[in-house]
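Just below is one structure, and these are the notes that go with it.
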Amino acid sequence: MESPDPLRSLGEAEIRLLRECYRRGLPGTLAPFLFVDNHLRWCATIRSRPASWTVSPIVWKRFFTLAGTDRHELTASGTFVAITDAEKCPTVVLWTLQDDLSALKRALMETRRIDWSSDPAFSCVALEHYTMLQGVLQRKAPHLEFRNSTFFRLPSETANGLQVSIPEGYELLPLDEADAYEVNATWPHRYAGSEEYYRSLLRLNGGLALTTSTDTSDDTDNARRQLAGWILTNEYGALAHLYIQPAHRSRGLASVLVKAWVLRMIETWQNDSDADGTEVIAYILDANVASRTLFQKLGFIEMSKSRWSNPTTK
């Protein structure tokens, strides 16, 4: 008889307990808090849509915790493993507040929830969990290569003081799933299926673009909007994928987009009790010096280090 899996599924009610667990540690736990919060907001969005409205398995995650963990333990430890439904290269995210990682390590080694033959990727691995995970991957997926990244947060008092001035010749417009192809084409870390990743993120979280102004009375191809740059919120509830087209650089557009998107996020949190204690965060690759410099100039402060691996083509 097959032994029980060391990870058990979490329903939405228990995922809400995770959110409250990480809320208690804010602002230090903003990264896991916003990841869980983003998922719950997706659940609410899906319920408000027709049954035919589906979410791509490339971004949709199922949540698990250690088998035998009851609701009380869950709210104290915050231990979870979230895994996308993708058949190839599923993404795994894990977090815990426990210092002793032996049970989590054993669960990752023994669980059938992770199909190691499908070449999983791991993202947002907290620095304090990285050594433990490497012990697992040495046996399960030694080929995975990780990049260093950092979470930055923007204190609320700084965010509320931001002011936006749109440069002449540009306008701010929503970024939507129709823009997925262009956004993906410029991403240096794109992979097989990453265009669908962007399309799903834009459907669920939206985004913001700076476009060149056009004469809307002219219905020719030349009159269609041209994207000069964009920003969106990823599945971790973090500002990410900020990009300015080369022809539009050195005009301060990146700063405009960050400020504008921050203010829109703050507006959506107003009168929302689920957003209590929330601050805007950004997830930046350590090698991206230009973005790090920009965000720090705008008042973002370093919060925590993490590691992530892209899906591979193995």
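So you can find residues: chains in the structure tokens are A, B, ... in the order shown, residues in each start at 1, and ligands are numbered from 1 in order.
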TODO: Determine, counting only C-alpha atoms, which protein, DNA and RNA residues have an atom within 12 Å of an atom of stretch 116-119 of chain A; residues of the same chain fewer than 4 positions away are not included. Present the result as a PyMOL selection string.
DONE: chain A and resi 84-92+108-112+136-137+139-144+309-314
Task: Nearby residues (only C-alpha atoms) at most 6 Å from stretch 12-23 of chain A, same-chain spacing under 4 positions excluded, as a VMD selection string - done: chain A and resid 29 33 36 75 78
Save out the residues we just selected, N, CA, C and O atoms, as an mmCIF file, in the first residue's frame.
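Saved result, selection18.cif, follows:
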```
data_model
loop_
_atom_site.group_PDB
_atom_site.id
_atom_site.type_symbol
_atom_site.label_atom_id
_atom_site.label_comp_id
_atom_site.auth_asym_id
_atom_site.auth_seq_id
_atom_site.Cartn_x
_atom_site.Cartn_y
_atom_site.Cartn_z
ATOM 1 N N THR A 29 7.449 40.441 6.292
ATOM 2 C CA THR A 29 6.905 39.286 5.571
ATOM 3 C C THR A 29 6.062 39.715 4.365
ATOM 4 O O THR A 29 5.175 38.970 3.940
ATOM 5 N N PHE A 33 3.329 37.418 2.149
ATOM 6 C CA PHE A 33 1.981 37.951 2.333
ATOM 7 C C PHE A 33 1.354 38.325 0.992
ATOM 8 O O PHE A 33 0.206 37.947 0.696
ATOM 9 N N VAL A 36 0.507 35.262 -1.285
ATOM 10 C CA VAL A 36 -0.741 34.603 -0.882
ATOM 11 C C VAL A 36 -1.933 35.503 -1.188
ATOM 12 O O VAL A 36 -2.967 35.046 -1.702
ATOM 13 N N THR A 75 -1.246 28.506 11.149
ATOM 14 C CA THR A 75 -1.224 29.947 11.411
ATOM 15 C C THR A 75 0.020 30.372 12.175
ATOM 16 O O THR A 75 0.375 31.554 12.180
ATOM 17 N N GLY A 78 3.155 29.101 9.072
ATOM 18 C CA GLY A 78 3.050 29.670 7.735
ATOM 19 C C GLY A 78 3.660 28.800 6.651
ATOM 20 O O GLY A 78 3.949 29.272 5.553
#
```
TODO: Write out as a VMD selection string the residues lying within 12 Å of A:Thr186, counting only C-alpha atoms and excluding same-chain residues fewer than 2 positions away.
DONE: chain A and resid 179 to 184 188 to 191 194 to 195 198 227 229 to 230 241 to 246
So that I have them on file, write out the residues from the current selection with C-alpha atoms, as an mmCIF file, in the first residue's frame.
```cif
data_model
loop_
_atom_site.group_PDB
_atom_site.id
_atom_site.type_symbol
_atom_site.label_atom_id
_atom_site.label_comp_id
_atom_site.auth_asym_id
_atom_site.auth_seq_id
_atom_site.Cartn_x
_atom_site.Cartn_y
_atom_site.Cartn_z
ATOM 1 C CA ASP A 179 0.111 43.274 -25.479
ATOM 2 C CA ALA A 180 1.495 39.919 -24.310
ATOM 3 C CA TYR A 181 3.410 39.194 -27.525
ATOM 4 C CA GLU A 182 5.308 42.483 -27.505
ATOM 5 C CA VAL A 183 6.041 42.330 -23.779
ATOM 6 C CA ASN A 184 7.319 38.758 -24.025
ATOM 7 C CA PRO A 188 15.580 38.492 -21.700
ATOM 8 C CA HIS A 189 14.467 35.464 -19.635
ATOM 9 C CA ARG A 190 11.654 34.293 -21.918
ATOM 10 C CA TYR A 191 11.163 30.576 -22.369
ATOM 11 C CA SER A 194 6.356 32.577 -21.476
ATOM 12 C CA GLU A 195 4.068 34.521 -23.825
ATOM 13 C CA TYR A 198 2.417 37.240 -19.726
ATOM 14 C CA LEU A 227 4.131 51.149 -26.724
ATOM 15 C CA GLY A 229 7.305 51.254 -22.109
ATOM 16 C CA TRP A 230 5.351 49.257 -19.572
ATOM 17 C CA HIS A 241 8.852 43.475 -15.879
ATOM 18 C CA LEU A 242 9.529 47.193 -16.194
ATOM 19 C CA TYR A 243 10.751 47.905 -19.718
ATOM 20 C CA ILE A 244 11.368 50.974 -21.877
ATOM 21 C CA GLN A 245 11.820 50.620 -25.620
ATOM 22 C CA PRO A 246 15.356 51.687 -26.678
#
```
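Each of A:Thr96, A:Thr211, A:Thr131, A:Ser250 was compared to A:Gln226 using only C-alpha atoms, and A:Thr211 turns out to be the nearest.
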Open item on the list: Taking the DSSP secondary structure from the backbone, can you list the residues of stretch 161-231 of chain A that are strand (DSSP E), as a PyMOL selection string?
Closed with: chain A and resi 170-175+207-212+226-231
Please provide as an mmCIF file with N, CA, C and O atoms, in the first residue's frame all residues within 12 Å of A:Ala287, with the sequence filter that same-chain residues fewer than 4 positions apart are discarded (counting only C-alpha atoms).
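So the final result, stored in out10.cif, reads:
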```
data_model
loop_
_atom_site.group_PDB
_atom_site.id
_atom_site.type_symbol
_atom_site.label_atom_id
_atom_site.label_comp_id
_atom_site.auth_asym_id
_atom_site.auth_seq_id
_atom_site.Cartn_x
_atom_site.Cartn_y
_atom_site.Cartn_z
ATOM 1 N N ARG A 147 19.513 32.423 -10.058
ATOM 2 C CA ARG A 147 19.947 33.814 -10.122
ATOM 3 C C ARG A 147 19.614 34.494 -8.802
ATOM 4 O O ARG A 147 18.655 34.123 -8.131
ATOM 5 N N ASN A 148 20.398 35.505 -8.467
ATOM 6 C CA ASN A 148 20.178 36.253 -7.238
ATOM 7 C C ASN A 148 19.233 37.415 -7.496
ATOM 8 O O ASN A 148 19.349 38.119 -8.502
ATOM 9 N N SER A 149 18.320 37.630 -6.574
ATOM 10 C CA SER A 149 17.369 38.729 -6.712
ATOM 11 C C SER A 149 17.051 39.287 -5.328
ATOM 12 O O SER A 149 17.367 38.674 -4.302
ATOM 13 N N THR A 150 16.428 40.451 -5.310
ATOM 14 C CA THR A 150 16.127 41.126 -4.054
ATOM 15 C C THR A 150 14.716 41.695 -4.093
ATOM 16 O O THR A 150 14.283 42.230 -5.115
ATOM 17 N N SER A 291 17.842 49.070 -12.736
ATOM 18 C CA SER A 291 16.554 49.025 -12.039
ATOM 19 C C SER A 291 16.737 49.208 -10.539
ATOM 20 O O SER A 291 15.953 49.918 -9.883
ATOM 21 N N ARG A 292 17.750 48.581 -9.976
ATOM 22 C CA ARG A 292 17.999 48.738 -8.545
ATOM 23 C C ARG A 292 18.219 50.207 -8.202
ATOM 24 O O ARG A 292 17.682 50.723 -7.225
ATOM 25 N N THR A 293 19.025 50.878 -9.029
ATOM 26 C CA THR A 293 19.317 52.292 -8.791
ATOM 27 C C THR A 293 18.059 53.137 -8.892
ATOM 28 O O THR A 293 17.811 54.022 -8.056
#
```
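You can rank A:Trp308, A:Phe35, A:Phe122, A:Tyr236 by their closest distance to A:Asp286 using only C-alpha atoms, and at the top of that list sits A:Trp308.
The residue that comes closest to A:Thr79, out of A:Ala121, A:Leu7, A:Ala275, A:Leu133 and on the basis of only C-alpha atoms, is A:Leu7.
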